[in-house]
Every structure is written in structure tokens, then in C-alpha cells.
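Asks: Got a structure here, written out as C-alpha cells. Questions coming.
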Amino acid sequence: MHLAQFLCHGPTYHSLAMWRHPRTAEAGFDWARPELYQHIARVCERGKFDMVFFADLNYISDTYRGTMDPAIRHATQAPEHDPIPLLSFMAAVTTRIGLGATFSISHSHPFYAARMWATLDHLTRGRAAWNVVTSLNHNQSANYGEERQSADERYDRAHEFIEVCRKLWDSWDPDAVVMDRAAGVFADPTKVHRIEHEGRFFRSRGPLNVVRSPQCGPAIQFWAPVMLVLFLGYGEKLRLLILDHLPSLFS
């Protein structure tokens, strides 16, 4: 068993009392500033946790009563700032603990994600982890001016998305960087490759303009309750997606 600390980059996670609790104010931390999360990372590493993990949402919910008002009034997982930049802050004050975050593949291109996660893998010295998700509901899709696609369509797209990312992470051979200062050669061009991907959802020429990272991209994660639903018959395409790209599973 491995232990991960669940976090959100916002004033509340699961309990709406978090931002109101007297000890929160007494501690002097501001949820919108990196020092709080650096403190959490240090404490978790000292306590032998394997990872800190950020959930993330790209919308404010209007499910309850059909309006955003309750979520905004009580800080019900809103606001939520982007957790990705925090991974670098937390990496700077730790040495061993894994640093993971959720990033939806539904509204971006694989080249952007591959470049971002390869860079984070460098900055964390090989401790970055990506929790892969598709669009959670219609609110998130609407924020990007899109209609939410069917589950099969989302999982087909996700499968190709990760496939392209892996090709891009592999576009630099492990020994491509030479750093021969005397000869003035930084990298061997024969060991950096275009990927020339043309698929149903994406096209990408490559190569990535980030050198091969310590893990050759981040560790890929999926959330365990998804596995339970999926093996109870939720969807064959989701099952295949997870089994094809499953280095780690957590719950």
C-alpha cells in the first residue's frame, strides 16, 4: 500500500468548514499562496507519504438548485486555482515525495500536454505524476465553448491523446544530448526524431522541443473508483484505455 495526500488548490477540499476553522486562520497560511502547499509537501515527506496529489475542476458547479450561487457562497470546491504550477514550488522544498495533479485531456492538444509534463518531470527531478481525466460534465465543456462528447468518443480521444504524448516523449533518444562543449555540439540530430502522427483526432509532426525527461514523461495515473465502475460494466473502451496506460492506481 502507498499513501497519497489528497489536495485541491482552493479554500475547501471535502469539508466546507476548512476555510472557516479558527486554526486555519491561526496558522497564517493563505490557500492562494504557494507557502501553504510547500509546508504540506514537507510534512508529508517527513511522514513517509509517497505522494501529494491535486484533484482539479475547470468549472463552478450549478448542479445544486440549478445555480452557481450556493457553490460560490460557501466555497463548495470553488474557487479552484490551477494546481499545475504548484508542483514546481513543492518540488523545490522536497527531495523524494511524488507530486501529482489532475489534467483533463478533453480541451487541449497532446503537444501542449506533452511539453508541459516533460518540463514538470525535469523540474521535479522525475517525480511528476499526471492523473488523466476526460471532461467531467457539461459545465467544463461549456467553458471551452464545446458540447460534451459521448463516453466512447471521449475515451477514444483520450487513448490517442496519450499515444501522441508518448511518441513525443520518446522523440528524443536517451543519449541524444551530447553537450560536447569543445566541439560545440549540444545534441546529436540523428537521435531526435519527428513522429509524423496522423490519427482520427490529432496530427502532430514532432519532435518535442523538450529533451527526454527523467521518467520519459510523467507517471500516468487513474483514480481507483473509476476502475470499480468500469469493471462492473461501465464501458469497454474505458477499461481498455486504463489497462493500456496504467503504471499506477490509487484510491
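Naming works like this for the C-alpha cells: A, B, ... for the chains as they're shown, residue 1 at the start of each chain, ligands 1 onward in shown order.
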Quick check for you: according to DSSP on this backbone, which residues of range 65-249 of chain A are classed as strand (DSSP E or B)? Reply as a ChimeraX atom specification.

Replies: /A:98-104,128-133,172,177-180,185-187,192,197-198,203-204,219-223,248-249

Asks: Show me, as a PyMOL selection string, the residues that have an atom within 8 Å of Glu147 in chain A when counting only C-alpha atoms, minus same-chain residues fewer than 5 positions from it.

Replies: chain A and resi 138+141-142

Asks: Filtering to N, CA and C atoms, could you give me those residues as a PDB file, in the first residue's frame?

Replies:
```
ATOM      1  N   HIS A 138     -20.999  18.804 -18.329  1.00  0.00           N
ATOM      2  CA  HIS A 138     -21.309  19.804 -19.356  1.00  0.00           C
ATOM      3  C   HIS A 138     -20.748  21.174 -19.008  1.00  0.00           C
ATOM      4  N   SER A 141     -17.165  21.473 -20.351  1.00  0.00           N
ATOM      5  CA  SER A 141     -17.168  21.597 -21.807  1.00  0.00           C
ATOM      6  C   SER A 141     -17.645  22.975 -22.241  1.00  0.00           C
ATOM      7  N   ALA A 142     -18.677  23.489 -21.580  1.00  0.00           N
ATOM      8  CA  ALA A 142     -19.230  24.789 -21.946  1.00  0.00           C
ATOM      9  C   ALA A 142     -18.224  25.915 -21.738  1.00  0.00           C
TER      10      ALA A 142
END
```

Asks: Tell me, as an mmCIF file with C-alpha atoms, in the first residue's frame, which residues lie within 12 Å of Thr95 in chain A, counting only C-alpha atoms; anything in the same chain fewer than 6 positions away does not count.

Replies:
```cif
data_model
loop_
_atom_site.group_PDB
_atom_site.id
_atom_site.type_symbol
_atom_site.label_atom_id
_atom_site.label_comp_id
_atom_site.auth_asym_id
_atom_site.auth_seq_id
_atom_site.Cartn_x
_atom_site.Cartn_y
_atom_site.Cartn_z
ATOM 1 C CA ALA A 41 4.682 18.706 0.991
ATOM 2 C CA ARG A 42 7.453 18.884 3.595
ATOM 3 C CA CYS A 44 4.018 14.597 4.051
ATOM 4 C CA GLU A 45 7.563 13.751 3.011
ATOM 5 C CA ARG A 46 8.676 13.735 6.651
ATOM 6 C CA LYS A 48 6.818 8.944 4.745
ATOM 7 C CA ASP A 50 4.597 8.509 -1.217
ATOM 8 C CA MET A 51 2.778 11.337 -2.954
ATOM 9 C CA SER A 88 7.374 23.072 -9.118
ATOM 10 C CA LEU A 123 11.705 20.433 -12.647
ATOM 11 C CA THR A 124 10.627 17.780 -10.126
ATOM 12 C CA ARG A 125 13.662 15.589 -10.931
ATOM 13 C CA GLY A 126 11.490 12.702 -12.076
ATOM 14 C CA ARG A 127 8.709 12.940 -9.500
#
```

Asks: Could you tell me which of A:Arg181, A:Val164, A:Arg73, A:Trp172 comes closest to Gly199 in chain A if we count only C-alpha atoms?

Replies: A:Val164

Asks: Enumerate as a VMD selection string all residues of range 32-248 of chain A assigned to helix (DSSP H, G or I) by DSSP on the backbone, naming them with the chain letters and numbers the document uses.

Replies: chain A and resid 34 to 46 64 to 66 69 to 74 84 to 91 110 to 123 138 to 143 151 to 169 189 to 191 224 to 234 236 to 244

Asks: Please identify all polymer residues within 8 Å of Leu120 in chain A, counting only C-alpha atoms, omitting same-chain residues fewer than 6 positions from it, and present them as a PyMOL selection string.

Replies: chain A and resi 87-88+128+218

Asks: So how far away is CA of Gly217 in chain A from CA of Asp56 in chain A, in Å?

Replies: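 Rounded to one decimal, the two atoms are 20.1 Å apart.
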
Asks: Find the residues near Ile162 in chain A: any atom within 10 Å, counting only C-alpha atoms, skip ones fewer than 3 places away on the same chain, and give them as number ranges by chain.

Replies: A: 105, 110, 113-114, 132, 157-159, 165-168, 220, 241, 244-245

Asks: May I have the selected residues written with C-alpha atoms, as a PDB file, in the first residue's frame?

Replies:
```pdb
ATOM      1  CA  ILE A 105      -7.250  15.899 -21.945  1.00  0.00           C
ATOM      2  CA  PRO A 110      -1.274  16.463 -26.946  1.00  0.00           C
ATOM      3  CA  ALA A 113       0.359  18.468 -22.577  1.00  0.00           C
ATOM      4  CA  ALA A 114       3.486  16.521 -23.536  1.00  0.00           C
ATOM      5  CA  VAL A 132      -5.528  11.584 -16.678  1.00  0.00           C
ATOM      6  CA  ARG A 157      -9.843  10.595 -27.995  1.00  0.00           C
ATOM      7  CA  ALA A 158      -8.073  10.044 -24.665  1.00  0.00           C
ATOM      8  CA  HIS A 159      -6.426   6.867 -25.949  1.00  0.00           C
ATOM      9  CA  CYS A 165       2.178  12.205 -25.833  1.00  0.00           C
ATOM     10  CA  ARG A 166       4.205   9.003 -25.512  1.00  0.00           C
ATOM     11  CA  LYS A 167       5.512   9.359 -29.064  1.00  0.00           C
ATOM     12  CA  LEU A 168       6.574  12.937 -28.319  1.00  0.00           C
ATOM     13  CA  ILE A 220       0.382   8.170 -15.590  1.00  0.00           C
ATOM     14  CA  LEU A 241      -7.850   2.876 -22.036  1.00  0.00           C
ATOM     15  CA  ASP A 244      -3.263   0.213 -21.879  1.00  0.00           C
ATOM     16  CA  HIS A 245      -1.855   3.150 -19.884  1.00  0.00           C
TER      17      HIS A 245
END
```

Asks: When you count only C-alpha atoms, which of these residues is closest to Phe111 in chain A: A:Gly10, A:Gly98, A:Gly206, A:Pro70?

Replies: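 When distances to Phe111 in chain A are compared using only C-alpha atoms, the smallest one comes from A:Gly206.
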
Asks: I'd like the contact shell of Arg148 in chain A - 12 Å cut-off, only C-alpha atoms, skipping same-chain residues fewer than 2 positions apart - returned as a list in words.

Replies: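 In the requested form, the answer reads Ser106, His107, Thr134, Ser135, Leu136, Asn137, His138, Asn139, Gln140, Ser141, Ala142, Asn143, Tyr144, Gly145, Glu146, Ser150, Ala151, Asp152, Glu153 and Arg154 of chain A.
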
Asks: Show which residues sit within 12 Å of Asp188 in chain A, as a ChimeraX atom specification. Count only C-alpha atoms, and ignore same-chain residues fewer than 2 positions away.

Replies: /A:172-180,183-186,190-193,211

Asks: Convert the current residue selection to file output with C-alpha atoms, as a PDB file, in the first residue's frame.

Replies:
```
ATOM      1  CA  TRP A 172      14.488  12.346 -28.058  1.00  0.00           C
ATOM      2  CA  ASP A 173      16.662   9.246 -27.622  1.00  0.00           C
ATOM      3  CA  PRO A 174      18.127   8.740 -24.131  1.00  0.00           C
ATOM      4  CA  ASP A 175      21.614   9.663 -25.373  1.00  0.00           C
ATOM      5  CA  ALA A 176      20.593  12.462 -27.776  1.00  0.00           C
ATOM      6  CA  VAL A 177      22.072  15.237 -25.621  1.00  0.00           C
ATOM      7  CA  VAL A 178      25.853  15.252 -26.111  1.00  0.00           C
ATOM      8  CA  MET A 179      26.908  18.555 -24.507  1.00  0.00           C
ATOM      9  CA  ASP A 180      30.313  18.483 -26.195  1.00  0.00           C
ATOM     10  CA  ALA A 183      33.164  20.650 -30.449  1.00  0.00           C
ATOM     11  CA  GLY A 184      30.168  22.945 -29.989  1.00  0.00           C
ATOM     12  CA  VAL A 185      27.684  20.074 -30.278  1.00  0.00           C
ATOM     13  CA  PHE A 186      24.720  20.211 -27.921  1.00  0.00           C
ATOM     14  CA  THR A 190      20.257  11.709 -35.684  1.00  0.00           C
ATOM     15  CA  LYS A 191      18.824  10.896 -32.252  1.00  0.00           C
ATOM     16  CA  VAL A 192      15.960  13.413 -32.328  1.00  0.00           C
ATOM     17  CA  HIS A 193      13.014  12.240 -34.428  1.00  0.00           C
ATOM     18  CA  VAL A 211      14.776  16.941 -24.002  1.00  0.00           C
TER      19      VAL A 211
END
```
